[in-house]
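*Asks:* Here you go, this is run04.tsv (TSV, C-alpha atoms).
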```tsv
chain	number	residue	atom	x	y	z
A	22	MET	CA	-5.34	10.80	-22.90
A	23	ALA	CA	-5.92	8.09	-20.31
A	24	ALA	CA	-9.46	7.87	-19.01
A	25	PRO	CA	-9.71	7.48	-15.24
A	26	THR	CA	-10.35	3.99	-13.90
A	27	THR	CA	-12.01	4.72	-10.60
A	28	GLY	CA	-12.89	1.33	-9.14
A	29	LEU	CA	-15.18	1.35	-6.12
A	30	ILE	CA	-15.09	4.57	-4.08
A	31	SER	CA	-16.20	4.26	-0.45
A	32	VAL	CA	-16.62	7.44	1.58
A	33	PHE	CA	-16.69	7.43	5.40
A	34	SER	CA	-17.77	10.14	7.81
A	35	THR	CA	-14.49	10.13	9.73
A	36	PRO	CA	-11.00	8.64	9.47
A	37	GLN	CA	-11.85	6.49	12.50
A	38	GLU	CA	-14.79	4.86	10.70
A	39	LEU	CA	-12.63	4.42	7.63
A	40	GLY	CA	-9.91	2.73	9.67
A	41	ALA	CA	-12.33	0.28	11.26
A	42	SER	CA	-13.75	-0.68	7.85
A	43	LEU	CA	-10.28	-1.01	6.37
A	44	ALA	CA	-9.29	-3.39	9.16
A	45	GLN	CA	-12.41	-5.46	8.51
A	46	LEU	CA	-11.57	-5.63	4.81
A	47	VAL	CA	-8.03	-6.83	5.55
A	48	ALA	CA	-9.31	-9.45	7.99
A	49	GLN	CA	-11.96	-10.70	5.55
A	50	ARG	CA	-9.49	-10.94	2.67
A	51	ALA	CA	-7.05	-12.79	4.90
A	52	ALA	CA	-9.67	-15.30	6.02
A	53	CYS	CA	-10.78	-15.87	2.43
A	54	CYS	CA	-7.22	-16.40	1.19
A	55	LEU	CA	-6.32	-18.75	4.03
A	56	GLU	CA	-9.34	-20.91	3.21
A	57	GLY	CA	-8.38	-21.05	-0.47
A	58	ALA	CA	-6.12	-23.42	-2.34
A	59	ARG	CA	-2.98	-21.36	-1.64
A	60	ALA	CA	-3.71	-21.19	2.11
A	61	ARG	CA	-1.66	-18.03	2.56
A	62	PHE	CA	-2.26	-14.29	2.68
A	63	ALA	CA	0.19	-11.78	1.21
A	64	LEU	CA	-0.33	-8.20	2.36
A	65	GLY	CA	1.63	-5.12	1.28
A	66	VAL	CA	1.35	-1.89	3.27
A	67	SER	CA	2.42	1.71	2.92
A	68	GLY	CA	3.52	4.02	5.71
A	69	GLY	CA	2.56	7.48	6.92
A	70	SER	CA	-0.89	7.86	8.46
A	71	LEU	CA	-1.69	4.23	7.60
A	72	VAL	CA	0.57	3.02	10.41
A	73	PRO	CA	-1.52	4.31	13.34
A	74	MET	CA	-4.74	3.54	11.48
A	75	LEU	CA	-3.87	-0.13	10.99
A	76	ALA	CA	-2.25	-0.42	14.42
A	77	ARG	CA	-5.45	0.78	16.08
A	78	ASP	CA	-7.93	-1.56	14.39
A	79	LEU	CA	-6.26	-4.44	12.58
A	80	PRO	CA	-5.07	-6.64	15.48
A	81	ALA	CA	-8.56	-7.04	16.94
A	82	ALA	CA	-10.18	-7.48	13.51
A	83	ALA	CA	-7.64	-10.08	12.39
A	84	THR	CA	-7.84	-12.18	15.54
A	85	ALA	CA	-11.65	-12.02	15.57
A	86	ALA	CA	-11.86	-13.24	11.98
A	87	ALA	CA	-9.57	-16.26	12.34
A	88	ALA	CA	-7.58	-18.33	14.78
A	89	PRO	CA	-4.39	-16.63	16.02
A	90	THR	CA	-2.36	-19.45	14.48
A	91	SER	CA	-3.48	-18.28	11.03
A	92	LEU	CA	-1.02	-15.38	11.31
A	93	ALA	CA	1.70	-17.95	10.68
A	94	ARG	CA	0.47	-18.01	7.08
A	95	TRP	CA	0.56	-14.26	6.55
A	96	THR	CA	3.33	-12.63	4.52
A	97	LEU	CA	3.81	-8.89	5.10
A	98	GLY	CA	5.70	-6.66	2.69
A	99	PHE	CA	6.19	-2.93	2.36
A	100	CYS	CA	5.19	-0.98	-0.73
A	101	ASP	CA	8.10	1.38	-0.29
A	102	GLU	CA	10.67	2.17	2.34
A	103	ARG	CA	13.04	4.95	3.28
A	104	LEU	CA	16.71	4.00	3.41
A	105	VAL	CA	17.17	4.87	7.08
A	106	PRO	CA	17.89	2.70	10.15
A	107	PHE	CA	14.87	0.87	11.55
A	108	GLU	CA	15.14	2.97	14.71
A	109	HIS	CA	14.74	6.18	12.68
A	110	ALA	CA	11.40	8.02	12.87
A	111	GLU	CA	11.11	7.80	9.04
A	112	SER	CA	11.45	3.99	8.88
A	113	THR	CA	8.17	2.45	7.76
A	114	TYR	CA	9.20	-1.00	8.95
A	115	GLY	CA	10.39	0.44	12.25
A	116	LEU	CA	7.04	2.15	12.85
A	117	TYR	CA	5.06	-0.98	12.02
A	118	ARG	CA	7.37	-3.09	14.20
A	119	THR	CA	6.71	-0.79	17.16
A	120	HIS	CA	3.02	-0.07	16.70
A	121	LEU	CA	1.48	-3.02	14.82
A	122	LEU	CA	3.67	-6.12	14.86
A	123	SER	CA	3.91	-6.00	18.66
A	124	LYS	CA	0.15	-6.69	18.62
A	125	LEU	CA	-0.11	-8.75	15.44
A	126	PRO	CA	2.51	-11.49	15.76
A	127	ILE	CA	3.29	-12.36	12.15
A	128	PRO	CA	6.42	-14.56	12.12
A	129	GLU	CA	9.51	-12.41	11.66
A	130	SER	CA	10.65	-14.63	8.78
A	131	GLN	CA	7.49	-13.65	6.88
A	132	VAL	CA	7.91	-9.91	7.35
A	133	LEU	CA	9.83	-8.75	4.29
A	134	ALA	CA	11.96	-5.71	5.07
A	135	ILE	CA	14.83	-3.98	3.33
A	136	ASP	CA	18.39	-4.08	4.61
A	137	PRO	CA	18.97	-0.40	5.46
A	138	GLN	CA	22.72	-0.90	5.82
A	139	LEU	CA	23.13	-1.51	2.09
A	140	PRO	CA	23.57	1.19	-0.58
A	141	VAL	CA	20.24	2.04	-2.17
A	142	GLU	CA	20.76	0.03	-5.38
A	143	ALA	CA	21.87	-3.03	-3.42
A	144	ALA	CA	18.99	-2.60	-0.98
A	145	ALA	CA	16.53	-2.66	-3.89
A	146	ASP	CA	18.15	-5.81	-5.34
A	147	ASP	CA	18.12	-7.48	-1.93
A	148	TYR	CA	14.44	-6.67	-1.37
A	149	ALA	CA	13.59	-7.99	-4.84
A	150	LYS	CA	15.34	-11.28	-3.98
A	151	LYS	CA	13.32	-11.53	-0.76
A	152	LEU	CA	10.12	-11.03	-2.71
A	153	LYS	CA	11.05	-13.69	-5.25
A	154	GLN	CA	11.75	-16.14	-2.42
A	155	ALA	CA	8.41	-15.32	-0.80
A	156	PHE	CA	6.53	-15.61	-4.10
A	157	PRO	CA	8.13	-18.66	-5.74
A	158	GLY	CA	7.31	-19.23	-9.38
A	159	GLU	CA	5.96	-15.70	-9.90
A	160	ALA	CA	7.97	-13.44	-12.20
A	161	VAL	CA	6.03	-10.54	-10.74
A	162	PRO	CA	4.91	-11.02	-7.11
A	163	VAL	CA	1.12	-11.15	-6.79
A	164	PHE	CA	-0.01	-9.68	-3.48
A	165	ASP	CA	-3.48	-10.57	-2.26
A	166	LEU	CA	-3.93	-7.04	-0.97
A	167	LEU	CA	-1.94	-3.82	-1.29
A	168	ILE	CA	-2.84	-0.80	0.83
A	169	LEU	CA	-1.57	2.40	-0.74
A	170	GLY	CA	-1.59	6.04	0.19
A	171	VAL	CA	-1.64	9.02	-2.15
A	172	GLY	CA	0.22	12.29	-1.65
A	173	PRO	CA	-1.12	15.79	-2.40
A	174	ASP	CA	1.04	15.68	-5.55
A	175	GLY	CA	-0.49	12.38	-6.67
A	176	HIS	CA	2.49	10.19	-5.76
A	177	THR	CA	2.01	6.70	-4.40
A	178	CYS	CA	4.68	4.43	-2.91
A	179	SER	CA	7.85	6.31	-3.89
A	180	LEU	CA	6.64	6.84	-7.45
A	181	PHE	CA	6.55	10.59	-8.06
A	182	PRO	CA	5.04	12.69	-10.87
A	183	GLY	CA	7.25	12.94	-13.93
A	184	HIS	CA	9.86	10.54	-12.56
A	185	PRO	CA	11.48	8.01	-14.93
A	186	LEU	CA	10.48	5.14	-12.60
A	187	LEU	CA	6.91	5.53	-13.88
A	188	GLN	CA	8.15	3.92	-17.11
A	189	GLU	CA	9.88	0.99	-15.38
A	190	GLN	CA	8.58	-2.35	-16.65
A	191	GLU	CA	11.40	-4.80	-15.87
A	192	MET	CA	12.35	-4.32	-12.21
A	193	ILE	CA	9.88	-5.31	-9.50
A	194	VAL	CA	11.71	-3.18	-6.94
A	195	ALA	CA	13.50	0.03	-7.82
A	196	PRO	CA	15.92	2.30	-6.00
A	197	ILE	CA	15.33	6.04	-5.95
A	198	SER	CA	18.07	8.47	-4.91
A	199	ASP	CA	16.37	11.74	-5.86
A	200	SER	CA	13.03	11.60	-4.07
A	201	PRO	CA	11.44	15.07	-4.08
A	202	LYS	CA	10.12	14.22	-0.63
A	203	PRO	CA	12.79	13.60	2.04
A	204	PRO	CA	14.58	11.40	2.77
A	205	PRO	CA	15.91	11.24	-0.82
A	206	GLN	CA	17.03	7.59	-0.84
A	207	ARG	CA	14.24	5.03	-0.96
A	208	VAL	CA	13.24	1.62	-2.27
A	209	THR	CA	9.86	1.17	-3.95
A	210	LEU	CA	7.67	-1.42	-5.60
A	211	THR	CA	7.14	-0.61	-9.27
A	212	LEU	CA	3.92	-0.28	-11.24
A	213	PRO	CA	4.09	-3.87	-12.61
A	214	VAL	CA	3.84	-5.18	-9.03
A	215	LEU	CA	1.09	-2.75	-8.04
A	216	ASN	CA	-0.95	-3.70	-11.11
A	217	ALA	CA	-0.47	-7.44	-10.56
A	218	ALA	CA	-2.18	-7.39	-7.14
A	219	ARG	CA	-5.47	-9.18	-6.58
A	220	THR	CA	-6.82	-6.17	-4.68
A	221	VAL	CA	-5.51	-2.62	-4.30
A	222	VAL	CA	-6.99	-0.21	-1.76
A	223	PHE	CA	-6.05	3.46	-1.80
A	224	VAL	CA	-6.60	5.29	1.49
A	225	ALA	CA	-6.81	9.09	1.67
A	226	THR	CA	-8.12	11.42	4.35
A	227	GLY	CA	-8.32	15.15	4.88
A	228	GLU	CA	-9.10	18.23	2.79
A	229	GLY	CA	-5.51	18.39	1.62
A	230	LYS	CA	-6.15	15.39	-0.64
A	231	ALA	CA	-9.43	16.65	-2.17
A	232	ALA	CA	-8.01	18.46	-5.21
A	233	VAL	CA	-5.62	15.69	-6.25
A	234	LEU	CA	-8.31	13.03	-5.82
A	235	LYS	CA	-10.57	14.94	-8.18
A	236	ARG	CA	-7.76	14.93	-10.75
A	237	ILE	CA	-7.04	11.24	-10.31
A	238	LEU	CA	-10.64	10.03	-10.25
A	239	GLU	CA	-12.35	12.41	-12.66
A	240	ASP	CA	-9.87	14.01	-15.07
A	241	SER	CA	-8.40	12.51	-18.22
A	242	GLU	CA	-4.79	13.66	-18.42
A	243	ALA	CA	-2.16	13.12	-21.09
A	244	ASN	CA	0.38	12.35	-18.36
A	245	PRO	CA	-1.60	10.77	-15.52
A	246	LEU	CA	-0.41	11.18	-11.96
A	247	PRO	CA	1.33	8.11	-10.47
A	248	ALA	CA	-1.71	7.02	-8.43
A	249	ALA	CA	-3.84	7.16	-11.59
A	250	LEU	CA	-1.49	4.63	-13.22
A	251	VAL	CA	-2.45	1.97	-10.67
A	252	ARG	CA	-4.98	-0.13	-12.55
A	253	PRO	CA	-4.84	-3.79	-11.51
A	254	HIS	CA	-4.85	-5.97	-14.62
A	255	THR	CA	-7.23	-8.58	-13.24
A	256	GLY	CA	-7.65	-7.45	-9.62
A	257	GLN	CA	-9.99	-5.07	-7.85
A	258	LEU	CA	-9.38	-1.38	-7.19
A	259	HIS	CA	-10.94	0.33	-4.14
A	260	TRP	CA	-10.72	3.84	-2.74
A	261	PHE	CA	-11.35	4.43	0.98
A	262	LEU	CA	-11.84	8.16	1.58
A	263	ASP	CA	-13.20	10.30	4.36
A	264	GLU	CA	-15.74	13.03	3.60
A	265	ALA	CA	-13.13	15.78	3.68
A	266	ALA	CA	-10.97	14.07	1.05
A	267	ALA	CA	-13.99	13.26	-1.14
A	268	ARG	CA	-15.67	16.67	-0.95
A	269	LEU	CA	-14.87	17.73	-4.55
A	270	LEU	CA	-15.86	14.46	-6.24
A	271	THR	CA	-18.86	14.30	-8.55
A	272	VAL	CA	-18.45	10.65	-9.63
A	273	PRO	CA	-20.70	8.06	-7.94
A	274	VAL	CA	-19.50	7.02	-4.49
A	275	GLU	CA	-20.71	4.60	-1.83
A	276	LYS	CA	-21.33	6.47	1.39
A	277	HIS	CA	-20.91	4.80	4.76
A	278	SER	CA	-21.96	6.19	8.11
A	279	ALA	CA	-21.92	4.94	11.67
A	280	LEU	CA	-25.06	3.22	12.81
```
Can I see the file as structure tokens?

*Replies:*
Amino acid sequence: MAAPTTGLISVFSTPQELGASLAQLVAQRAACCLEGARARFALGVSGGSLVPMLARDLPAAATAAAAPTSLARWTLGFCDERLVPFEHAESTYGLYRTHLLSKLPIPESQVLAIDPQLPVEAAADDYAKKLKQAFPGEAVPVFDLLILGVGPDGHTCSLFPGHPLLQEQEMIVAPISDSPKPPPQRVTLTLPVLNAARTVVFVATGEGKAAVLKRILEDSEANPLPAALVRPHTGQLHWFLDEAAARLLTVPVEKHSAL
């Protein structure tokens, strides 16, 4: 049985405090990466409740931490995507384009999105080619920071419990046509990409996540849930939770509260 690898667990009083701290973390990592030898920052984001959270706090945090021109050296990718038009309410890219990118002007050429007009297998291949172009010389793209969510069933990205994609080791991007959560056709990063990242942050809020977080962070299971399989090989693993999501945990956590 796999023993849990918890990483650093930070617990915040409210989702609003969590969101502000998450934005500060993104801005700090970006500034650090832009000052480094590579002089670029590669960020991968998930959708759902993360969209309004990042849209609310990240633009101000990012511009306060560095010159606006530094955004020209950001690369933004998506950890998974639904195969729907960008105008559709389920489009992760479409939501970020409307709510975040209008306030955080990353060059369009450095925002890596799927082509939703392609069949799902071709869309996955196309997205993988875009990643390889954006990460030259890397067999597996190494993101500086990935921000992931976790579902009540323990899924992350579009990697679902018991699904064959959990065994995928060759593809960096995979198509899925039988998602148990609608819409059924999606494109997702695979575990090799998630585990190659320099930093991974899971974000979870609300009582509805409490039971699954206890399983992921405290239980040793013969068949770990997808989120429990995210263990960066050389990178850092963080959990940003609110008090409601963390209420069943007994492992050590770092509590944060507003001053």

*Asks:* Each residue of segment 69-135 of chain A lying at most 12 Å from segment 207-211 of chain A should get a row with its shortest atom-to-atom pair and the distance in Å to one decimal, counting all atoms listed in the file; could you produce that, ordered by chain and increasing number, as JSON lines?

*Replies:*
```
{"residue": "A:Gly98", "atom": "CA", "partner": "A:Leu210", "partner_atom": "CA", "distance": 10.0}
{"residue": "A:Phe99", "atom": "CA", "partner": "A:Leu210", "partner_atom": "CA", "distance": 8.2}
{"residue": "A:Cys100", "atom": "CA", "partner": "A:Leu210", "partner_atom": "CA", "distance": 5.5}
{"residue": "A:Asp101", "atom": "CA", "partner": "A:Thr209", "partner_atom": "CA", "distance": 4.1}
{"residue": "A:Glu102", "atom": "CA", "partner": "A:Val208", "partner_atom": "CA", "distance": 5.3}
{"residue": "A:Arg103", "atom": "CA", "partner": "A:Arg207", "partner_atom": "CA", "distance": 4.4}
{"residue": "A:Leu104", "atom": "CA", "partner": "A:Arg207", "partner_atom": "CA", "distance": 5.1}
{"residue": "A:Val105", "atom": "CA", "partner": "A:Arg207", "partner_atom": "CA", "distance": 8.6}
{"residue": "A:Pro106", "atom": "CA", "partner": "A:Arg207", "partner_atom": "CA", "distance": 11.9}
{"residue": "A:Glu111", "atom": "CA", "partner": "A:Arg207", "partner_atom": "CA", "distance": 10.8}
{"residue": "A:Ser112", "atom": "CA", "partner": "A:Arg207", "partner_atom": "CA", "distance": 10.3}
{"residue": "A:Thr113", "atom": "CA", "partner": "A:Arg207", "partner_atom": "CA", "distance": 10.9}
{"residue": "A:Ala134", "atom": "CA", "partner": "A:Val208", "partner_atom": "CA", "distance": 10.5}
{"residue": "A:Ile135", "atom": "CA", "partner": "A:Val208", "partner_atom": "CA", "distance": 8.1}
```

*Asks:* Counting only C-alpha atoms, which residues in segment 145-187 of chain A sit no more than 6 Å from segment 229-246 of chain A? For each one, give the nearest pair of atoms and the distance in Å, sorted by chain then residue number, as a Markdown table.

*Replies:*
```
| residue | atom | partner | partner_atom | distance |
| --- | --- | --- | --- | --- |
| A:Pro173 | CA | A:Lys230 | CA | 5.3 |
| A:Gly175 | CA | A:Leu246 | CA | 5.4 |
| A:Pro182 | CA | A:Leu246 | CA | 5.8 |
```

*Asks:* With only C-alpha atoms as the atoms that count, which of A:Leu29, A:Ile193, A:Ala58, A:Leu116 lies nearest to Met74 of chain A?

*Replies:* A:Leu116

*Asks:* Tell me which of A:Gly170, A:Pro157, A:Pro162, A:Gly57 sits closest to Trp260 of chain A, counting all atoms listed in the file.

*Replies:*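 Closest to Trp260 of chain A of all the choices is A:Gly170.
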
*Asks:* Can you measure atom CA of Arg94 of chain A to atom CA of Asp165 of chain A for me? One decimal in Å is fine.

*Replies:*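 One can read the atom CA of Arg94 of chain A to atom CA of Asp165 of chain A distance as 12.6 Å.
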
*Asks:* Could you jot down the atom CA of Ser278 of chain A to atom CA of Phe33 of chain A separation for me, Å, one decimal place?

*Replies:*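 Atom-to-atom, atom CA of Ser278 of chain A to atom CA of Phe33 of chain A, that is 6.1 Å.
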
*Asks:* Could you give me, as a VMD selection string, the residues within 9 Å of segment 215-219 of chain A, counting all atoms listed in the file and dropping anything in the same chain fewer than 4 positions from it?

*Replies:* chain A and resid 100 161 to 167 210 to 211 250 to 258

*Asks:* For the selection just defined, write its residues with C-alpha atoms to a file, as a compact mmCIF listing (two decimals), keeping the file's coordinate frame.

*Replies:*
```
# COMPACT_ATOMS: atom_id res chain seq x y z
CA CYS A 100 5.19 -0.98 -0.73
CA VAL A 161 6.03 -10.54 -10.74
CA PRO A 162 4.91 -11.02 -7.11
CA VAL A 163 1.12 -11.15 -6.79
CA PHE A 164 -0.01 -9.68 -3.48
CA ASP A 165 -3.48 -10.57 -2.26
CA LEU A 166 -3.93 -7.04 -0.97
CA LEU A 167 -1.94 -3.82 -1.29
CA LEU A 210 7.67 -1.42 -5.60
CA THR A 211 7.14 -0.61 -9.27
CA LEU A 250 -1.49 4.63 -13.22
CA VAL A 251 -2.45 1.97 -10.67
CA ARG A 252 -4.98 -0.13 -12.55
CA PRO A 253 -4.84 -3.79 -11.51
CA HIS A 254 -4.85 -5.97 -14.62
CA THR A 255 -7.23 -8.58 -13.24
CA GLY A 256 -7.65 -7.45 -9.62
CA GLN A 257 -9.99 -5.07 -7.85
CA LEU A 258 -9.38 -1.38 -7.19
```

*Asks:* Between A:Glu275, A:Glu56, A:Glu264, A:Asp174, which has the minimum distance to Ala248 of chain A (counting all atoms listed in the file)?

*Replies:*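 The answer is A:Asp174, which sits nearest to Ala248 of chain A.
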
*Asks:* By how many Å are atom CA of Ala51 of chain A and atom CA of Pro273 of chain A apart?

*Replies:*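 Spanning atom CA of Ala51 of chain A to atom CA of Pro273 of chain A is a straight-line distance of 28.0 Å.
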
*Asks:* Check the smallest atom-to-atom distance from each of A:His109, A:His176, A:Arg61, A:Lys153 to Val214 of chain A using all atoms listed in the file, then report the winner.

*Replies:* A:Lys153

*Asks:* Which one is closest to Thr84 of chain A: A:Gln206, A:Thr96, A:Ser70, A:Gln49? Count all atoms listed in the file.

*Replies:*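 Looking at the shortest contact to Thr84 of chain A, the residue is A:Gln49.
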
*Asks:* When distances are computed from only C-alpha atoms, which of A:Leu46, A:Leu39, A:Ile197, A:Ala76 shows the smallest separation from Leu121 of chain A?

*Replies:* A:Ala76

*Asks:* I need every residue sitting at most 6 Å from the point (-16.2, 8.2, -3.2) (coordinates as in the file, all atoms listed in the file considered), written as a list in words.

*Replies:*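 Every polymer residue passing the test: Ile30, Ser31, Val32, Ala267, Val274 and Glu275 of chain A.
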
*Asks:* Write out as a ChimeraX atom specification the residues lying within 8 Å of Leu92 of chain A, counting all atoms listed in the file and excluding same-chain residues fewer than 5 positions away.

*Replies:* /A:125-128
